[in-house]
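One file, coords09.cif, is given below (mmCIF, C-alpha atoms).
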data_coords
loop_
_atom_site.label_atom_id
_atom_site.label_comp_id
_atom_site.auth_asym_id
_atom_site.auth_seq_id
_atom_site.Cartn_x
_atom_site.Cartn_y
_atom_site.Cartn_z
CA TYR L 68 28.82 14.11 -26.13
CA LEU L 69 26.03 14.40 -23.55
CA ARG L 70 25.97 10.63 -22.94
CA ALA L 71 29.75 10.57 -22.46
CA LYS L 72 29.52 13.56 -20.11
CA ARG L 73 26.81 11.89 -18.03
CA ARG L 74 28.82 8.67 -17.82
CA LYS L 75 31.78 10.61 -16.44
CA GLU L 76 29.50 12.29 -13.89
CA PHE L 77 28.10 8.93 -12.74
CA ALA L 78 31.58 7.42 -12.52
CA ALA L 79 32.74 10.39 -10.44
CA PHE L 80 29.68 10.11 -8.19
CA ALA L 81 30.32 6.40 -7.66
CA ALA L 82 33.98 6.99 -6.85
CA SER L 83 33.17 9.74 -4.34
CA TYR L 84 30.80 7.45 -2.41
CA GLY L 85 32.81 4.24 -2.67
CA LEU L 86 30.33 2.64 -5.08
CA GLN L 87 30.84 0.60 -8.23
CA TYR L 88 29.80 1.89 -11.65
CA SER L 89 28.88 0.41 -15.02
CA ALA L 90 27.66 2.30 -18.10
CA PRO L 91 25.67 -0.71 -19.41
CA ASP L 92 23.23 -2.34 -17.01
CA PRO L 93 24.93 -5.40 -15.44
CA PHE L 94 21.84 -6.53 -13.48
CA GLY L 95 18.99 -6.52 -15.99
CA VAL L 96 17.09 -4.09 -13.78
CA ILE L 97 14.21 -3.64 -16.22
CA GLU L 98 13.29 -7.28 -15.48
CA TRP L 99 12.67 -6.41 -11.83
CA PRO L 100 8.94 -6.55 -10.95
CA PHE L 101 8.22 -2.81 -10.70
CA ARG L 102 5.32 -1.47 -12.71
CA LEU L 103 7.41 1.50 -13.82
CA PHE L 104 9.43 -0.96 -15.89
CA SER L 105 6.37 -2.15 -17.81
CA ARG L 106 5.34 1.25 -19.16
CA GLY L 107 5.74 2.32 -22.75
CA ASP L 108 6.65 0.52 -25.95
CA GLY L 109 10.35 0.17 -25.23
CA ARG L 110 12.66 0.79 -22.30
CA GLY L 111 16.20 0.57 -21.02
CA ALA L 112 18.56 1.24 -18.12
CA GLU L 113 22.14 2.52 -18.01
CA ASN L 114 24.64 4.30 -15.78
CA VAL L 115 24.26 1.87 -12.89
CA VAL L 116 25.95 2.47 -9.53
CA TRP L 117 25.77 0.02 -6.67
CA GLY L 118 27.24 -0.88 -3.32
CA ASP L 119 26.96 -0.19 0.40
CA TRP L 120 25.14 2.97 1.48
CA GLN L 121 24.96 3.41 5.24
CA GLY L 122 24.90 -0.34 5.75
CA GLN L 123 22.31 -1.01 3.04
CA ASN L 124 23.08 -2.41 -0.41
CA VAL L 125 21.68 0.03 -2.97
CA VAL L 126 21.43 0.10 -6.77
CA ALA L 127 20.83 3.44 -8.53
CA PHE L 128 20.56 4.06 -12.26
CA ASP L 129 19.15 5.97 -15.22
CA TYR L 130 15.95 4.51 -16.65
CA TRP L 131 14.00 5.51 -19.74
CA TYR L 132 11.04 4.35 -21.75
CA PHE L 133 9.33 5.61 -24.88
CA GLU L 134 5.84 5.62 -26.31
CA ARG L 135 5.13 5.43 -30.05
CA HIS L 136 2.60 7.83 -31.56
CA ARG L 137 1.19 7.75 -35.07
CA ASP L 138 -0.24 10.88 -36.68
CA SER L 139 -3.05 11.12 -39.22
CA LYS L 140 -0.57 10.75 -42.09
CA GLY L 141 0.84 7.51 -40.71
CA HIS L 142 4.11 9.01 -39.50
CA THR L 143 5.46 7.53 -36.28
CA ARG L 144 7.27 9.45 -33.58
CA LYS L 145 8.57 8.49 -30.15
CA THR L 146 8.14 10.34 -26.88
CA TYR L 147 10.81 9.57 -24.28
CA TYR L 148 10.46 9.68 -20.50
CA ARG L 149 13.64 9.63 -18.42
CA PHE L 150 14.11 8.95 -14.72
CA CYS L 151 16.67 8.41 -12.00
CA CYS L 152 15.92 5.39 -9.82
CA ALA L 153 17.20 3.89 -6.58
CA GLN L 154 16.37 0.39 -5.33
CA ILE L 155 17.01 -1.61 -2.17
CA GLU L 156 15.99 -5.07 -0.99
CA VAL L 157 14.28 -5.63 2.35
CA PRO L 158 13.39 -8.71 4.46
CA ALA L 159 9.69 -8.74 3.57
CA ALA L 160 7.15 -10.03 1.03
CA PHE L 161 5.04 -6.94 0.44
CA PRO L 162 2.10 -6.84 -2.01
CA PRO L 163 2.34 -4.26 -4.84
CA LEU L 164 1.86 -0.65 -3.78
CA GLU L 165 2.60 2.64 -5.54
CA ILE L 166 2.82 6.06 -3.92
CA ALA L 167 3.23 8.95 -6.35
CA PRO L 168 2.76 12.73 -6.22
CA GLU L 169 -0.69 13.63 -7.52
CA GLY L 170 -0.55 14.14 -11.28
CA PHE L 171 2.80 12.35 -11.62
CA LEU L 172 2.28 9.33 -13.85
CA SER L 173 -1.23 9.07 -12.42
CA ARG L 174 -3.13 8.34 -15.61
CA LEU L 175 -5.65 5.54 -15.25
CA ALA L 176 -3.70 3.36 -17.67
CA ASP L 177 -0.64 3.52 -15.41
CA PHE L 178 -2.46 1.78 -12.58
CA VAL L 179 -4.52 -0.97 -14.21
CA GLY L 180 -5.03 -3.68 -11.61
CA LEU L 181 -4.39 -1.42 -8.61
CA ASP L 182 -7.14 0.18 -6.52
CA ASP L 183 -7.13 3.88 -5.70
CA ILE L 184 -6.83 4.21 -1.92
CA ASP L 185 -7.87 7.34 0.02
CA PHE L 186 -6.83 8.39 3.51
CA GLU L 187 -8.46 10.51 6.19
CA LEU L 188 -6.15 13.50 5.78
CA GLU L 189 -7.47 15.50 2.81
CA GLU L 190 -4.19 17.37 2.36
CA PHE L 191 -2.44 14.05 1.86
CA ASN L 192 -5.05 12.89 -0.68
CA ARG L 193 -4.62 16.13 -2.65
CA ARG L 194 -0.86 15.75 -2.80
CA TRP L 195 -0.37 11.99 -3.14
CA ASN L 196 -1.88 9.20 -5.17
CA VAL L 197 -1.77 5.77 -3.49
CA ARG L 198 -2.72 2.63 -5.37
CA GLY L 199 -2.24 -0.94 -4.31
CA ALA L 200 -3.31 -4.54 -4.62
CA GLU L 201 -4.37 -4.72 -0.95
CA ALA L 202 -5.95 -1.77 0.86
CA LYS L 203 -5.12 -3.35 4.22
CA PHE L 204 -1.41 -3.23 3.45
CA ALA L 205 -1.66 0.37 2.22
CA TYR L 206 -3.23 1.49 5.50
CA GLU L 207 -0.65 -0.42 7.53
CA LEU L 208 2.30 0.97 5.58
CA VAL L 209 1.06 4.54 5.17
CA ASP L 210 0.33 5.25 8.81
CA SER L 211 0.10 8.69 10.43
CA ARG L 212 3.90 8.95 10.78
CA MET L 213 4.46 8.08 7.13
CA ILE L 214 1.71 10.50 6.07
CA ARG L 215 3.28 13.40 7.98
CA TRP L 216 6.64 12.66 6.40
CA LEU L 217 5.25 12.44 2.86
CA VAL L 218 3.29 15.67 3.27
CA SER L 219 6.49 17.41 4.41
CA LEU L 220 8.56 16.00 1.53
CA ASP L 221 9.55 18.81 -0.86
CA MET L 222 10.83 16.53 -3.64
CA ARG L 223 8.60 15.01 -6.34
CA ILE L 224 9.65 11.42 -5.77
CA SER L 225 7.52 8.34 -6.37
CA PHE L 226 7.77 5.02 -4.55
CA GLU L 227 7.02 1.43 -5.48
CA VAL L 228 6.88 -1.50 -3.10
CA VAL L 229 6.66 -5.10 -4.29
CA GLY L 230 7.85 -8.31 -2.67
CA ASN L 231 11.24 -7.70 -1.09
CA ARG L 232 12.04 -4.59 -3.13
CA LEU L 233 11.60 -0.85 -2.59
CA LEU L 234 12.03 1.64 -5.43
CA ALA L 235 12.21 5.44 -5.41
CA TYR L 236 12.33 7.41 -8.65
CA GLN L 237 12.06 10.93 -10.01
CA ARG L 238 12.45 12.75 -13.29
CA LYS L 239 16.02 12.73 -14.59
CA VAL L 240 18.42 14.78 -12.46
CA PRO L 241 22.21 15.35 -12.54
CA ALA L 242 24.31 12.51 -11.12
CA VAL L 243 24.84 14.42 -7.86
CA GLY L 244 21.05 14.26 -7.41
CA LEU L 245 21.34 10.54 -6.72
CA ALA L 246 22.46 11.21 -3.15
CA PRO L 247 19.21 12.99 -2.13
CA LEU L 248 17.17 10.35 -3.98
CA ILE L 249 18.90 7.50 -2.15
CA GLY L 250 18.55 9.43 1.10
CA VAL L 251 14.78 9.72 0.62
CA LEU L 252 14.53 6.00 -0.15
CA MET L 253 16.40 5.20 3.07
CA ALA L 254 14.12 7.54 5.03
CA PHE L 255 11.08 5.81 3.50
CA ARG L 256 12.41 2.43 4.60
CA GLN L 257 13.04 3.66 8.13
CA ARG L 258 9.42 4.83 8.40
CA ILE L 259 7.82 1.54 7.43
CA PRO L 260 5.81 0.60 10.54
CA ARG L 261 6.72 -2.54 12.46
CA VAL L 262 3.22 -3.93 11.94
CA ALA L 263 3.80 -3.95 8.16
CA TRP L 264 7.01 -5.94 8.59
CA ASN L 265 5.20 -8.39 10.89
CA LEU L 266 2.21 -8.88 8.57
CA TYR L 267 4.30 -9.59 5.47
CA PRO L 268 7.48 -11.41 6.55
CA THR L 269 9.82 -12.76 3.94
CA SER L 270 8.86 -16.25 2.74
#

Would you write the structure of this file as structure tokens?
Amino acid sequence: YLRAKRRKEFAAFAASYGLQYSAPDPFGVIEWPFRLFSRGDGRGAENVVWGDWQGQNVVAFDYWYFERHRDSKGHTRKTYYRFCCAQIEVPAAFPPLEIAPEGFLSRLADFVGLDDIDFELEEFNRRWNVRGAEAKFAYELVDSRMIRWLVSLDMRISFEVVGNRLLAYQRKVPAVGLAPLIGVLMAFRQRIPRVAWNLYPTS
């Protein structure tokens, strides 16, 4: 019943914004190169909406993954983690970078292969965890303007940047919560400094 109800909510959201909707994932989004999609022991995506959003092609969807746990008696249980995601493509070839609220999926195991990067503003370091493959890119992307915006952000949203893709995600919210999530992703894109675009042009 809850799955059917959520599908109706997503379909209604898509219709109200002139987007397309599919209950099963038509794009194979979990094959996209975001590290979020490599977590856990199993994963999936559903309730996909896509189309033009203020002149930008966007794809938004439900994503989940689970971790298996075995107790001392050998019994196995699964713990599920559920998110809402929004993704856009950009004309760039950015190295991997993750920006997440401090304490949100910030276990060491979540960031294997990415360096922890600190910034001069201590308030920002307390509130945000930035990890990336190239510190130079992190400092170019997360400039003073981006830092001020992230510090002012009152939503617990995480961002991933890799290649020509930008991803924003948060814990599962009602379908109407996709609009603010997409809006934040668009605002993030608008604040990417010109120098970052120039340093990592699309190949």

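When you apply the PyMOL selection byres ((chain L and resi 225) around 8) to this structure, what comes back is Glu165, Ile166, Ala167, Pro168, Arg223, Ile224, Phe226, Glu227, Ala235, Tyr236 and Gln237 of chain L.
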
Go ahead and save the residues from that selection, with C-alpha atoms, as a compact mmCIF listing (two decimals), keeping the file's coordinate frame.
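The file below, again-v1.txt, is the result:
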# COMPACT_ATOMS: atom_id res chain seq x y z
CA GLU L 165 2.60 2.64 -5.54
CA ILE L 166 2.82 6.06 -3.92
CA ALA L 167 3.23 8.95 -6.35
CA PRO L 168 2.76 12.73 -6.22
CA ARG L 223 8.60 15.01 -6.34
CA ILE L 224 9.65 11.42 -5.77
CA PHE L 226 7.77 5.02 -4.55
CA GLU L 227 7.02 1.43 -5.48
CA ALA L 235 12.21 5.44 -5.41
CA TYR L 236 12.33 7.41 -8.65
CA GLN L 237 12.06 10.93 -10.01

Residues returned when the PyMOL selection byres ((chain L and resi 262) around 12) runs on this file, as number ranges by chain: L: 159, 203-210, 258-261, 263-268

Sphere at (21.2, 4.8, -7.0), radius 7 Å, counting all atoms listed in the file: residues as a PDB file with C-alpha atoms, keeping the file's coordinate frame:
ATOM      1  CA  VAL L 116      25.950   2.470  -9.530  1.00  0.00           C
ATOM      2  CA  TRP L 117      25.770   0.020  -6.670  1.00  0.00           C
ATOM      3  CA  VAL L 125      21.680   0.030  -2.970  1.00  0.00           C
ATOM      4  CA  VAL L 126      21.430   0.100  -6.770  1.00  0.00           C
ATOM      5  CA  ALA L 127      20.830   3.440  -8.530  1.00  0.00           C
ATOM      6  CA  PHE L 128      20.560   4.060 -12.260  1.00  0.00           C
ATOM      7  CA  CYS L 152      15.920   5.390  -9.820  1.00  0.00           C
ATOM      8  CA  ALA L 153      17.200   3.890  -6.580  1.00  0.00           C
ATOM      9  CA  GLN L 154      16.370   0.390  -5.330  1.00  0.00           C
ATOM     10  CA  LEU L 245      21.340  10.540  -6.720  1.00  0.00           C
ATOM     11  CA  ILE L 249      18.900   7.500  -2.150  1.00  0.00           C
TER      12      ILE L 249
END

Using only C-alpha atoms for the distances, tell me which of L:Val157, L:Met213, L:Ala200, L:Thr269 is nearest to Phe255 in chain L.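 Comparing L:Val157, L:Met213, L:Ala200, L:Thr269 against Phe255 in chain L, the winner is L:Met213.
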
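Against this structure, the PyMOL selection byres ((chain L and resi 242) around 7) ends up with Glu76, Phe77, Phe80, Val240, Pro241, Val243, Gly244 and Leu245 of chain L.
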
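Nearest residue to Phe133 in chain L, choosing from L:Tyr147, L:Trp120, L:Leu181, L:Ser211 and counting all atoms listed in the file: L:Tyr147.
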
Return as AutoDock Vina command-line options the box centre and box size in Å, one decimal, for an axis-aligned box around all listed atoms of range 232-251 of chain L padded by 3 Å per side.
--center_x 18.2 --center_y 5.4 --center_z -6.7 --size_x 19.2 --size_y 25.9 --size_z 21.7

Would you mind reading off the distance between CA of Val115 in chain L and CA of Trp216 in chain L, one decimal, in Å? 28.3 Å

Need the shell around range 95-108 of chain L: protein/DNA/RNA residues with any atom at most 8 Å away, counting all atoms listed in the file. Skip same-chain ones fewer than 5 positions apart. Format as a list in words?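 Counting only the stated atoms, we get Tyr132, Phe133, Glu134, Arg135, Asp177, Glu227, Val228, Val229 and Leu234 of chain L.
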
Would you write out those residues with C-alpha atoms, as a PDB file, in the frame of the given file?
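And here's part07.pdb as it stands now:
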ATOM      1  CA  TYR L 132      11.040   4.350 -21.750  1.00  0.00           C
ATOM      2  CA  PHE L 133       9.330   5.610 -24.880  1.00  0.00           C
ATOM      3  CA  GLU L 134       5.840   5.620 -26.310  1.00  0.00           C
ATOM      4  CA  ARG L 135       5.130   5.430 -30.050  1.00  0.00           C
ATOM      5  CA  ASP L 177      -0.640   3.520 -15.410  1.00  0.00           C
ATOM      6  CA  GLU L 227       7.020   1.430  -5.480  1.00  0.00           C
ATOM      7  CA  VAL L 228       6.880  -1.500  -3.100  1.00  0.00           C
ATOM      8  CA  VAL L 229       6.660  -5.100  -4.290  1.00  0.00           C
ATOM      9  CA  LEU L 234      12.030   1.640  -5.430  1.00  0.00           C
TER      10      LEU L 234
END

Could you tell me how far CA of Trp131 in chain L lies from CA of Pro91 in chain L, in Å and to one decimal? 13.2 Å

Quick one: pull the distance between CA of Gly199 in chain L and CA of Pro162 in chain L, Å, one decimal.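 Between CA of Gly199 in chain L and CA of Pro162 in chain L the gap works out to 7.7 Å.
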
When you count all atoms listed in the file, which of these residues is closest to Phe161 in chain L: L:Leu217, L:Ile184, L:Val197, L:Leu233? L:Leu233

Within 8 Å of (17.3, 1.6, 6.4), in the coordinates the file gives, what residues turn up when you count all atoms listed in the file, written out as a ChimeraX atom specification? /L:121-123,253-254,256-257

For Ala82 in chain L, which residue among L:Gly118, L:Leu69, L:Asp129, L:Leu252 is the nearest when counting only C-alpha atoms?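 Of the candidates, the smallest distance to Ala82 in chain L is held by L:Gly118.
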
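Of the listed residues L:Leu164, L:Arg215, L:Glu169, L:Asn124, the one whose atoms come nearest to Leu188 in chain L is L:Arg215, with distances taken using all atoms listed in the file.
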